[in-house]
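Chemist: protein33.txt (compact mmCIF, C-alpha atoms (C1' of nucleotides)) pasted underneath:
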```
# COMPACT_ATOMS: atom_id res chain seq x y z
CA MET C 387 0.00 0.00 0.00
CA ILE C 388 2.71 2.50 0.97
CA PRO C 389 4.86 1.87 -2.14
CA ARG C 390 1.81 2.37 -4.34
CA LEU C 391 0.94 5.63 -2.60
CA LYS C 392 4.56 6.79 -2.91
CA ALA C 393 4.47 6.04 -6.62
CA GLU C 394 1.22 7.98 -6.97
CA TYR C 395 2.36 10.96 -4.90
CA PRO C 396 6.18 11.06 -5.26
CA ASP C 397 6.51 14.62 -3.94
CA ALA C 398 4.14 14.29 -0.99
CA LYS C 399 4.88 16.96 1.57
CA THR C 400 3.05 19.63 3.51
CA GLU C 401 1.33 22.24 1.37
CA LEU C 402 1.58 24.85 4.07
CA ASP C 403 4.09 27.63 3.33
CA TRP C 404 6.83 28.02 5.99
CA THR C 405 10.56 28.67 6.28
CA ASN C 406 11.26 27.95 9.96
CA PRO C 407 9.74 26.03 12.92
CA LEU C 408 7.85 29.07 14.25
CA GLU C 409 6.20 29.72 10.90
CA LEU C 410 5.17 26.07 10.60
CA LEU C 411 3.79 26.09 14.13
CA VAL C 412 1.75 29.25 13.44
CA ALA C 413 0.51 27.94 10.08
CA THR C 414 -0.53 24.63 11.63
CA ILE C 415 -2.46 26.32 14.45
CA LEU C 416 -4.25 28.41 11.83
CA SER C 417 -4.98 25.33 9.70
CA ALA C 418 -7.61 23.89 12.03
CA GLN C 419 -10.83 23.30 10.07
CA THR C 420 -9.47 25.37 7.18
CA THR C 421 -7.87 24.61 3.83
CA ASP C 422 -4.11 25.16 3.57
CA VAL C 423 -4.73 27.46 0.59
CA ARG C 424 -6.58 29.84 2.87
CA VAL C 425 -3.89 29.57 5.55
CA ASN C 426 -1.17 30.37 3.01
CA GLY C 427 -3.11 33.39 1.85
CA VAL C 428 -3.08 34.77 5.39
CA THR C 429 0.48 33.83 6.36
CA LYS C 430 1.92 35.41 3.21
CA THR C 431 1.57 38.83 4.80
CA LEU C 432 1.41 37.67 8.42
CA PHE C 433 4.95 36.29 8.31
CA GLN C 434 6.27 39.61 7.03
CA ARG C 435 4.85 41.40 10.04
CA TYR C 436 5.48 38.80 12.74
CA ARG C 437 8.97 37.30 12.59
CA THR C 438 9.64 36.19 16.17
CA ALA C 439 7.71 34.68 19.07
CA HIS C 440 8.10 38.05 20.77
CA ASP C 441 6.24 39.72 17.88
CA TYR C 442 3.17 37.50 18.42
CA ALA C 443 3.39 37.80 22.20
CA GLU C 444 3.26 41.58 21.95
CA ALA C 445 0.68 41.71 19.15
CA ASP C 446 -2.46 43.76 19.57
CA PRO C 447 -5.21 41.13 20.00
CA GLY C 448 -7.68 42.95 17.77
CA GLU C 449 -5.20 43.50 14.97
CA LEU C 450 -4.07 39.89 15.07
CA GLU C 451 -7.68 38.71 14.93
CA GLU C 452 -8.31 40.76 11.81
CA GLU C 453 -5.15 39.51 10.12
CA ILE C 454 -6.10 35.85 10.56
CA ARG C 455 -9.87 36.26 10.21
CA PRO C 456 -10.24 34.40 6.88
CA THR C 457 -9.00 31.19 8.51
CA GLY C 458 -12.07 31.01 10.76
CA PHE C 459 -12.18 30.51 14.54
CA TYR C 460 -10.13 33.70 14.55
CA ARG C 461 -10.72 34.69 18.18
CA ASN C 462 -9.64 31.31 19.52
CA LYS C 463 -6.73 31.13 17.11
CA ALA C 464 -5.51 34.63 17.96
CA ARG C 465 -5.70 33.75 21.66
CA SER C 466 -3.80 30.52 20.99
CA LEU C 467 -1.10 32.32 18.99
CA ARG C 468 -0.52 34.93 21.67
CA GLY C 469 -0.55 32.38 24.49
CA MET C 470 1.69 30.03 22.58
CA ALA C 471 4.14 32.84 21.79
CA ARG C 472 4.22 34.00 25.42
CA ALA C 473 5.04 30.45 26.51
CA LEU C 474 7.84 30.29 23.94
CA VAL C 475 9.33 33.55 25.22
CA GLU C 476 8.92 32.76 28.92
CA GLU C 477 9.79 29.07 28.96
CA HIS C 478 11.77 28.26 25.82
CA GLY C 479 13.95 31.28 25.11
CA GLY C 480 11.71 32.31 22.22
CA GLU C 481 12.44 29.08 20.33
CA VAL C 482 10.03 26.32 19.28
CA PRO C 483 10.70 23.21 21.42
CA SER C 484 11.39 19.91 19.67
CA THR C 485 9.77 17.37 21.98
CA MET C 486 6.18 16.12 22.05
CA GLN C 487 5.83 16.83 25.77
CA GLU C 488 6.88 20.47 25.44
CA LEU C 489 4.85 21.10 22.28
CA VAL C 490 1.51 19.78 23.53
CA ALA C 491 1.93 21.90 26.67
CA LEU C 492 1.69 25.04 24.51
CA PRO C 493 -1.74 26.74 24.29
CA GLY C 494 -3.58 25.75 21.11
CA VAL C 495 -1.18 22.91 20.35
CA GLY C 496 -2.57 19.37 20.42
CA ARG C 497 -0.97 16.12 19.40
CA LYS C 498 -1.84 16.59 15.73
CA THR C 499 -0.14 20.01 15.53
CA ALA C 500 2.85 18.72 17.51
CA ASN C 501 3.28 15.81 15.10
CA VAL C 502 3.25 18.20 12.14
CA VAL C 503 6.01 20.36 13.66
CA LEU C 504 8.11 17.41 14.82
CA GLY C 505 7.88 15.55 11.53
CA ASN C 506 8.32 18.48 9.16
CA ALA C 507 10.39 21.12 10.95
CA PHE C 508 12.57 18.81 13.06
CA GLY C 509 12.58 15.64 10.95
CA VAL C 510 11.51 13.46 13.86
CA ASP C 511 9.07 10.59 13.28
CA GLU C 512 7.48 10.92 16.70
CA GLY C 513 3.99 9.91 15.61
CA VAL C 514 1.46 9.85 12.79
CA VAL C 515 -0.46 13.02 12.03
CA VAL C 516 -4.16 12.19 12.38
CA ASP C 517 -6.30 14.92 10.90
CA THR C 518 -9.72 14.70 9.29
CA HIS C 519 -8.24 13.26 6.07
CA VAL C 520 -6.11 10.61 7.77
CA ARG C 521 -9.05 9.54 9.90
CA ARG C 522 -11.43 9.25 6.95
CA VAL C 523 -8.98 7.48 4.60
CA SER C 524 -7.74 5.12 7.35
CA ASN C 525 -11.31 4.16 8.19
CA ARG C 526 -12.20 3.56 4.55
CA LEU C 527 -9.08 1.51 3.89
CA GLY C 528 -9.80 -0.61 6.95
CA LEU C 529 -6.50 0.34 8.62
CA THR C 530 -8.44 1.12 11.79
CA ALA C 531 -12.02 1.02 12.99
CA GLU C 532 -11.41 3.63 15.69
CA GLN C 533 -12.79 7.18 15.58
CA ASP C 534 -10.70 8.74 18.35
CA PRO C 535 -7.58 10.35 16.80
CA GLU C 536 -5.18 9.00 19.44
CA LYS C 537 -6.48 5.45 19.05
CA ILE C 538 -6.25 5.77 15.27
CA GLU C 539 -2.67 6.98 15.63
CA GLN C 540 -1.78 3.93 17.75
CA ASP C 541 -3.29 1.57 15.18
CA LEU C 542 -1.40 3.28 12.34
CA MET C 543 1.90 3.27 14.22
CA ASN C 544 1.51 -0.50 14.60
CA VAL C 545 1.02 -0.96 10.85
CA VAL C 546 3.44 1.58 9.37
CA PRO C 547 7.25 1.43 9.79
CA ARG C 548 8.46 4.27 12.00
CA GLU C 549 10.67 5.83 9.32
CA ASP C 550 7.54 6.24 7.18
CA TRP C 551 5.30 7.85 9.79
CA THR C 552 5.70 11.41 8.54
CA VAL C 553 5.64 10.49 4.84
CA PHE C 554 2.64 8.25 5.43
CA SER C 555 0.75 11.18 6.95
CA HIS C 556 1.42 13.29 3.87
CA LEU C 557 0.44 10.47 1.54
CA LEU C 558 -2.92 9.88 3.21
CA ILE C 559 -3.68 13.60 3.46
CA LEU C 560 -2.85 14.16 -0.20
CA HIS C 561 -4.79 11.06 -1.21
CA GLY C 562 -7.72 12.27 0.88
CA ARG C 563 -7.67 15.63 -0.86
CA ARG C 564 -7.19 14.39 -4.43
CA ILE C 565 -9.07 11.07 -4.57
CA CYS C 566 -10.56 9.81 -1.31
CA LYS C 567 -12.61 12.96 -0.77
CA ALA C 568 -15.14 13.22 2.04
CA ARG C 569 -18.23 13.88 -0.05
CA LYS C 570 -17.56 12.28 -3.40
CA PRO C 571 -14.66 9.81 -3.36
CA ASP C 572 -13.22 9.23 -6.83
CA CYS C 573 -13.01 5.44 -6.52
CA PRO C 574 -12.72 4.82 -10.29
CA ASN C 575 -9.41 6.70 -10.35
CA CYS C 576 -8.11 5.42 -7.01
CA PRO C 577 -4.80 3.52 -7.10
CA LEU C 578 -5.93 1.49 -4.07
CA ASN C 579 -9.28 0.65 -5.61
CA ASP C 580 -8.64 -3.11 -5.68
CA ILE C 581 -7.61 -3.43 -2.04
CA CYS C 582 -10.06 -0.96 -0.48
CA PRO C 583 -12.96 -2.48 1.46
CA SER C 584 -14.96 0.71 0.92
CA ALA C 585 -14.47 1.05 -2.83
CA ARG C 586 -17.74 2.06 -4.38
CA TYR C 587 -18.91 2.60 -7.94
CA TYR C 588 -16.13 0.58 -9.54
CA LYS C 589 -13.60 -2.17 -8.99
CA ALA C 590 -10.50 -2.16 -11.17
CA PRO C 591 -9.87 -5.47 -12.94
CA ARG C 592 -6.34 -6.38 -11.85
C1' DC F 1274 -20.42 16.89 24.57
C1' DT F 1275 -20.36 21.94 22.65
C1' DC F 1276 -18.27 25.92 20.94
C1' DC F 1277 -15.41 28.46 17.97
C1' DC F 1278 -15.90 30.58 12.43
C1' DG F 1279 -15.61 31.68 7.23
C1' DA F 1280 -15.37 30.14 2.48
C1' DT F 1281 -16.09 26.69 -0.93
C1' DA F 1282 -18.07 22.34 -2.99
C1' DT F 1283 -21.97 19.70 -3.72
C1' DA M 477 -29.34 24.28 2.25
C1' DT M 478 -25.74 21.50 4.05
C1' DA M 479 -21.27 19.26 4.61
C1' DT M 480 -16.55 20.05 4.87
C1' DC M 481 -11.93 21.94 5.63
C1' DA M 482 -3.98 19.72 7.97
C1' DG M 483 -8.37 20.86 15.67
C1' DG M 484 -8.24 22.28 20.33
C1' DA M 485 -10.22 23.87 24.65
C1' DG M 486 -13.78 24.07 28.22
```
Show the structure stored in the file as C-alpha cells.

Modeler:
Amino acid sequence: MIPRLKAEYPDAKTELDWTNPLELLVATILSAQTTDVRVNGVTKTLFQRYRTAHDYAEADPGELEEEIRPTGFYRNKARSLRGMARALVEEHGGEVPSTMQELVALPGVGRKTANVVLGNAFGVDEGVVVDTHVRRVSNRLGLTAEQDPEKIEQDLMNVVPREDWTVFSHLLILHGRRICKARKPDCPNCPLNDICPSARYYKAPR
DNA sequence: CTCCCGATAT
DNA sequence: ATATCAGGAG
C-alpha cells in the first residue's frame, strides 16, 4: 500500500508555506478546520509582520484577529497564537521546542499540531499526524475502525514502519484531498481501488 | 459533549 | 441548504 501511494504521490509533503519552525507552528495552528490554501493566503503577509515569538506575544489582539480572520475561529486562534508565543518567550527562550511533551503543553497545540512540527520542521518521526483526512482514509481503507484520533494513531503506528510515519501522513492527506474525498470519493481513479474495502462505484480489474 | 468561524463544494 | 476543511479547549 505504501509503495503504491509513494508512486502515486512522489513529492508528498506539507502544502503549508513556511521557512522555519515558528512559521510552521503558526501555520498549523491556523490550519484547524481550514484549507491550507486559505492559511497560506493569510500567512503570506502575516509572516512579514510577525517574525519572532516576541512579535506575536506583543501583538495587539484585535489587529491579530483581523489579520487571521479568513481562517475562521479567529478569536480562539488569535488567543492561541498569543498564548503560545508568550510560553515560547517565557519558557523556551523564544524558540520552538522539539519534543512532544513540550509542544503539547503550549496553548492551542494538540498532538496533531505537535506531530506536524516534529515531523516536518525537526525531521523526527514521533507519531502519525491524524487529521480529518487521515481519519477518513484510514477508516475507509480498513487500517483502523477507531474514531478517536489518538487510538487511530496507535493503530497506524503499529502498521506503518516508524521511518515512514511522517511520509505516510502526507500520503494519506494528499490522497484524501485528491481522490478519497469526504463527499464524493473518486473510486474509479483510485490507485488502491482493488484493495479498499470501501471502494464504491467501480472495482479495477487487476 | 459543545463551541469556535468563514469560504467553498456539492 | 448543508457538509466540509492539515483541531483544540472548556

Chemist: Extract, using all atoms listed in the file, all DNA, RNA and protein residues at most 9 Å from segment 480-486 of chain M, discarding same-chain residues fewer than 5 positions from it, and format them as an MDAnalysis selection string.

Modeler: (chainID C and resid 400:402 414:415 417:422 493:496 498:499 502 515:519 559 568:569) or (chainID F and resid 1275:1276 1281:1282)

Chemist: Write out, as an mmCIF file, in the coordinates of the input, the residues just selected, with C-alpha atoms (C1' of nucleotides).

Modeler:
```cif
data_model
loop_
_atom_site.group_PDB
_atom_site.id
_atom_site.type_symbol
_atom_site.label_atom_id
_atom_site.label_comp_id
_atom_site.auth_asym_id
_atom_site.auth_seq_id
_atom_site.Cartn_x
_atom_site.Cartn_y
_atom_site.Cartn_z
ATOM 1 C CA THR C 400 3.050 19.630 3.510
ATOM 2 C CA GLU C 401 1.330 22.240 1.370
ATOM 3 C CA LEU C 402 1.580 24.850 4.070
ATOM 4 C CA THR C 414 -0.530 24.630 11.630
ATOM 5 C CA ILE C 415 -2.460 26.320 14.450
ATOM 6 C CA SER C 417 -4.980 25.330 9.700
ATOM 7 C CA ALA C 418 -7.610 23.890 12.030
ATOM 8 C CA GLN C 419 -10.830 23.300 10.070
ATOM 9 C CA THR C 420 -9.470 25.370 7.180
ATOM 10 C CA THR C 421 -7.870 24.610 3.830
ATOM 11 C CA ASP C 422 -4.110 25.160 3.570
ATOM 12 C CA PRO C 493 -1.740 26.740 24.290
ATOM 13 C CA GLY C 494 -3.580 25.750 21.110
ATOM 14 C CA VAL C 495 -1.180 22.910 20.350
ATOM 15 C CA GLY C 496 -2.570 19.370 20.420
ATOM 16 C CA LYS C 498 -1.840 16.590 15.730
ATOM 17 C CA THR C 499 -0.140 20.010 15.530
ATOM 18 C CA VAL C 502 3.250 18.200 12.140
ATOM 19 C CA VAL C 515 -0.460 13.020 12.030
ATOM 20 C CA VAL C 516 -4.160 12.190 12.380
ATOM 21 C CA ASP C 517 -6.300 14.920 10.900
ATOM 22 C CA THR C 518 -9.720 14.700 9.290
ATOM 23 C CA HIS C 519 -8.240 13.260 6.070
ATOM 24 C CA ILE C 559 -3.680 13.600 3.460
ATOM 25 C CA ALA C 568 -15.140 13.220 2.040
ATOM 26 C CA ARG C 569 -18.230 13.880 -0.050
ATOM 27 C "C1'" DT F 1275 -20.360 21.940 22.650
ATOM 28 C "C1'" DC F 1276 -18.270 25.920 20.940
ATOM 29 C "C1'" DT F 1281 -16.090 26.690 -0.930
ATOM 30 C "C1'" DA F 1282 -18.070 22.340 -2.990
#
```

Chemist: Just need the residues of chain F within 7 Å of chain C, counting all atoms listed in the file, so spit them out as a ChimeraX atom specification.

Modeler: /F:1277-1279

Chemist: Could you check how far atom CA of Val475 of chain C sits from atom CA of Val412 of chain C, in Å to one decimal?

Modeler: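 Those two atoms sit 14.7 Å apart.
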
Chemist: Report the distance between atom CA of Ala585 of chain C and atom CA of Asn544 of chain C in Å, rounded to one decimal place.

Modeler: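 These two atoms are separated by 23.7 Å.
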
Chemist: What separation in Å, quoted to one decimal, exists between atom CA of Ala439 of chain C and atom CA of Leu408 of chain C?

Modeler: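 So the answer is 7.4 Å.
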